[in-house]
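Below is one structure, written out as structure tokens; comments come after it.
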Amino acid sequence: MDPERASSQQSSIGRFEWRSVMQYTERASIAVLLTLAYQSFGVVYGDLSVSPLYVFRATFGDTLRNDVEEREIMGVLCFIFWTLTLIPVIKYSFIVLSAHDNGEGGTFALYALLCRHLKLSLILNQQAADEELSSYKLEQPTTSPRGVWFRHLLEKHKFLQNGLLIVVLLGTCMVIGDGALTPALSVLSAISGIRVAAPHLHENVTVAVACCILVLLFGLQHMGTRRVSRLFAPIILAWLLCNASIGMYNLITWNPSILKALSPYYMYYFFKMDGKEGWIALGGVLLCITGAEAMYADLGHFSRKSVKLAFVGVVYPSLLIGYIGQAAYLSKHLNEVDHAFFKSVPRPVFWPVFVVATLASIVGSQAVISATFSIINQCMALGCFPRVKVVHTSNQVYGQVYIPEINWIMFILCLTLTISFQNTIDIGNAYGIAVIIVMLVTTFLMTLVIITVWQCSIFWALCFFAVFGCIELLYLSTAFFKVPKGGWVPLVLAGVFMSIMYVWHYGTTKKYEYDFQNKVSMKWLLNLGPSLGIVRVPGIGLIYTDLVSGVPAIFSHFVTNLPAFHEVLVFVCMKSAPVPYVSQHERYLIGRIGPKNYHMYRCIVRYGYKDVRRDEDDFENQLIANLAEFIQREEATSSNEHSFEGDRHLAVMGTTPGLLFNSLSDRREESIKSSVISNNGDSLQLQEWLSSSPRPIHKRRVHFDIPMSEAHHSTDVRKELSVLAKAREAGLAYMMSHSYVKAKKSSNFLKKCAIDYMYTFLRKNSRDPAVVLNIPHTSLIEVGMFYYV
């Protein structure tokens, strides 16, 4: 065969194979995109999808109830169309979803982005090593001249930083308030449809049925959403199909000409005809975008393209057709604005639609409740919420948590609102204020992101705020007229939660500042000598502290009050990094404190603000293995006999292949598990038992292979690892300070109230740190210490 011809055939085959691979990859990516878009219906769009149940009723249920005209119906439809188009479609789908933090969305994601680019201290014990995390990435270099004046302004003035934090906490508290308002509004709106089929039924019956569903909903939260989450997407899709089908039927049957109401002229006519009453009524129109914030808040569970595809391709047109159909029906039945949706449903399909609507309202409520648990967990990670119990409800789905205390607080609030108001209009008034404040906070933070993170022109940032901020301020102004009629509820809830969160953050900050300012000097430590002035006994002492550098003042209390101390001391700091997640191989930072013969180390364990800290994590095994890895790597890279404290001496452990493998998925096996640090040479085995833990006891081993090939290092390595192995065999002890925080006598009255009463009350009623860290009570040593801040 001709060589050129053969070469041409081979080239053609190669191109064909490459095209085949590309086509397969493209098909696979499309399949993944469609799968994620399908799953997002049940998690993201439950709340937004059920809004047709109550929008028209809330709009015409108060000031415009009497003498409703067709042109008023058309004006309200015009406002619904443009609000639904401008806010969820343009603002969220095409702009806000692009401002994600490593794929994560929500208020804290925007705040974390701002803090990284503005060099603000999101975390109290933030350190330079956090900037080396793979997820700590900047959109643009901070040295860019764009927006530099704005960065300097925020970095210079402390009160602006506090103001930014307050804005973030305000948005977060409103989202928490949604967790109590959404179930009450959604479930009661769906159940009230019974009165359309049975008008003689008393209103108290619908309230009682709604309360029973709410009891069942909150009572099953401890089971998690994993077992029923597969049903969420089909239910919401079925509901959207029902809504769109009924809307199309009503549009064709009653008034096809209602489509001309999409013209902005009808907004002008609505204000011209109704004036102030029409302006106040817009608070009901606001409810058509409730749940739109979930598109951004739940971004981390899916992808930007899948969320956008699901909304623009299915949710948006389905909702729009449903609203147009309701308006077409109401234009010919002007006296039926109460229960407008259910009255527009054709009789033959009423009960199937009623069942689907009830199920959809429950799904929408579940999504908001789960989001509230997740937000509280993030707040605790950032030091903005008291410690509460967090239960992980799924071993397969990462991040699904259940918080019992918050669940029952929301249940009591939700039940109280349902019984007290007994109608969806007042609850809708409360819900509208919470929703629009969250959106306004997102718009404000997004404006800062455009300037400082994306580093666009300030002109475009102001255009963004002028368009969307003005729309949301308009709705906020109408919502405030509803404050006496239920709108006070989210304001009171936000005030209570903001007070709790800010006082806790303030007290935690002052406590950390006291620790930082009263660190033990290295000179004092060196003067004590290797024995620290007391008897060193076999064993490992883990001293928990919030400091990432220096020796905490509590250490001098330990030395003063204890007659003996352990041979190996490790200062452990559990801290959050200003990123959503920290990968396992970047989690541990290990360093040495003082000379080598002191056998004192520092271990910093880093988590992201969305990371899940599981109680069953095999922390002790990983800590010992990482210490051994540090000893060998330090010996291999440096011959410096004295290593002193500083961030530059901390090394990331767990990154060397083969040094540590301790699979988290195999924790529950009853067999012996090992993680191996391998080099050529003899082996020194360290037996590990989790004997003091309240969880089921598992036997584990960590093997240390002592390198023999490097003669000038082997003696030191063998000696230090031998000390570590013998100390581990002798056992571990956990040392913590039992702190009492008091305001200084010279403090003003407000500070004394915040620290001496509110912060002290919150500390006494929050979970003990030892319980949060799953420390065995029999191995815990606590020393009391007063903090005068």
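We label chains A, B, ... in the order they appear in the structure tokens, count residues from 1 in each chain, and number ligands from 1 in the order shown.
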Worksheet item: Could you pull the residues within 6 Å of segment 182-194 of chain A, counting only C-alpha atoms, minus those fewer than 5 positions along the same chain, as JSON, numbers by chain?
Response: {"A": [206, 210, 342, 357, 358, 361, 365, 414, 418, 424]}
Practice prompt. Determine, counting only C-alpha atoms, which protein, DNA and RNA residues have an atom within 8 Å of an atom of segment 88-90 of chain A; residues of the same chain fewer than 3 positions away are not included. Present the result as a list in words.
Written response: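 Using only C-alpha atoms, the neighbours found are Leu84, Thr85, Ser93, Phe94, Ile95, Ile289, Ala292, Phe311, Val312 and Tyr316 of chain A.
Atom to atom, atom CA of Leu34 of chain A and atom CA of Ser303 of chain A stand 10.7 Å apart.
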Worksheet item: Pick from A:Leu299, A:Cys384, A:Ile554, A:Leu77: nearest to Leu262 of chain A, with only C-alpha atoms counted?
Response: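 With only C-alpha atoms as the atom set, the closest residue is A:Leu77.
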Practice prompt. Give me the residues within 12 Å of Tyr759 of chain A as a count of residues only, counting only C-alpha atoms and dropping any in the same chain fewer than 3 places off.
Written response: 30
Taking 2 positions as the minimum chain separation for residues in the same chain, which residues sit within 9 Å of Ala733 of chain A when counting only C-alpha atoms? Answer as a PDB file with N, CA and C atoms, in the first residue's frame.
```pdb
ATOM      1  N   GLY A 539       2.581  10.534  77.631  1.00  0.00           N
ATOM      2  CA  GLY A 539       1.242  10.857  77.151  1.00  0.00           C
ATOM      3  C   GLY A 539       1.271  12.060  76.233  1.00  0.00           C
ATOM      4  N   ILE A 540       0.140  12.289  75.580  1.00  0.00           N
ATOM      5  CA  ILE A 540      -0.017  13.431  74.677  1.00  0.00           C
ATOM      6  C   ILE A 540      -1.104  14.333  75.236  1.00  0.00           C
ATOM      7  N   GLY A 541      -0.770  15.590  75.390  1.00  0.00           N
ATOM      8  CA  GLY A 541      -1.743  16.575  75.853  1.00  0.00           C
ATOM      9  C   GLY A 541      -2.169  17.467  74.702  1.00  0.00           C
ATOM     10  N   LEU A 542      -3.470  17.495  74.426  1.00  0.00           N
ATOM     11  CA  LEU A 542      -4.015  18.353  73.378  1.00  0.00           C
ATOM     12  C   LEU A 542      -4.630  19.580  74.033  1.00  0.00           C
ATOM     13  N   ILE A 543      -4.028  20.729  73.800  1.00  0.00           N
ATOM     14  CA  ILE A 543      -4.473  21.981  74.394  1.00  0.00           C
ATOM     15  C   ILE A 543      -5.229  22.760  73.330  1.00  0.00           C
ATOM     16  N   HIS A 566       2.147  16.485  80.197  1.00  0.00           N
ATOM     17  CA  HIS A 566       2.441  15.390  79.286  1.00  0.00           C
ATOM     18  C   HIS A 566       3.739  15.638  78.521  1.00  0.00           C
ATOM     19  N   GLY A 731      -1.622   7.336  76.210  1.00  0.00           N
ATOM     20  CA  GLY A 731      -2.958   7.910  76.175  1.00  0.00           C
ATOM     21  C   GLY A 731      -2.959   9.396  75.877  1.00  0.00           C
ATOM     22  N   MET A 735      -7.209  19.276  77.018  1.00  0.00           N
ATOM     23  CA  MET A 735      -7.194  20.400  77.949  1.00  0.00           C
ATOM     24  C   MET A 735      -7.860  21.616  77.334  1.00  0.00           C
ATOM     25  N   THR A 778     -14.167  11.718  80.279  1.00  0.00           N
ATOM     26  CA  THR A 778     -13.193  11.126  81.207  1.00  0.00           C
ATOM     27  C   THR A 778     -11.767  11.572  80.917  1.00  0.00           C
ATOM     28  N   SER A 779     -11.505  12.090  79.707  1.00  0.00           N
ATOM     29  CA  SER A 779     -10.147  12.513  79.345  1.00  0.00           C
ATOM     30  C   SER A 779     -10.019  14.030  79.283  1.00  0.00           C
ATOM     31  N   LEU A 780     -11.016  14.754  79.783  1.00  0.00           N
ATOM     32  CA  LEU A 780     -11.035  16.204  79.677  1.00  0.00           C
ATOM     33  C   LEU A 780     -10.532  16.860  80.951  1.00  0.00           C
ATOM     34  N   ILE A 781      -9.655  17.846  80.789  1.00  0.00           N
ATOM     35  CA  ILE A 781      -9.157  18.657  81.896  1.00  0.00           C
ATOM     36  C   ILE A 781      -9.511  20.115  81.598  1.00  0.00           C
TER      37      ILE A 781
END
```
Using only C-alpha atoms, which protein or nucleic acid residues come within 12 Å of Ile409 of chain A? Drop anything in the same chain fewer than 4 positions from it, and give the result as an mmCIF file with C-alpha atoms, in the first residue's frame.
```cif
data_model
loop_
_atom_site.group_PDB
_atom_site.id
_atom_site.type_symbol
_atom_site.label_atom_id
_atom_site.label_comp_id
_atom_site.auth_asym_id
_atom_site.auth_seq_id
_atom_site.Cartn_x
_atom_site.Cartn_y
_atom_site.Cartn_z
ATOM 1 C CA ILE A 176 -34.149 32.551 58.892
ATOM 2 C CA GLY A 177 -37.482 34.346 59.296
ATOM 3 C CA GLY A 179 -38.131 29.448 57.505
ATOM 4 C CA ALA A 180 -41.037 30.199 59.849
ATOM 5 C CA PHE A 218 -41.536 19.618 61.437
ATOM 6 C CA ILE A 369 -36.494 24.712 56.276
ATOM 7 C CA THR A 372 -32.393 27.577 57.244
ATOM 8 C CA PHE A 373 -30.508 24.711 58.898
ATOM 9 C CA ILE A 403 -30.600 21.336 63.998
ATOM 10 C CA PRO A 404 -33.147 20.267 66.663
ATOM 11 C CA GLU A 405 -33.271 23.562 68.578
ATOM 12 C CA LEU A 413 -43.274 30.279 65.470
ATOM 13 C CA CYS A 414 -44.951 28.754 62.422
ATOM 14 C CA LEU A 415 -47.777 27.230 64.434
ATOM 15 C CA THR A 416 -48.282 30.474 66.366
ATOM 16 C CA LEU A 493 -37.815 38.099 64.321
ATOM 17 C CA PHE A 497 -31.916 37.021 65.751
#
```
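Using only C-alpha atoms, the residues found no farther than 6 Å from Ile590 of chain A, other than those of its own chain fewer than 2 positions away, are Arg602, Cys603, Leu650 and Ala651 of chain A.
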Discussion item. One number please: atom CA of Tyr266 of chain A to atom CA of Gly75 of chain A, in Å, one decimal.
Written reply: 4.8 Å
Discussion item. Ranking A:Ala233, A:Arg151, A:Tyr136, A:Ile362 by minimum distance to Ile213 of chain A and counting only C-alpha atoms, which one comes first?
Written reply: A:Ile362
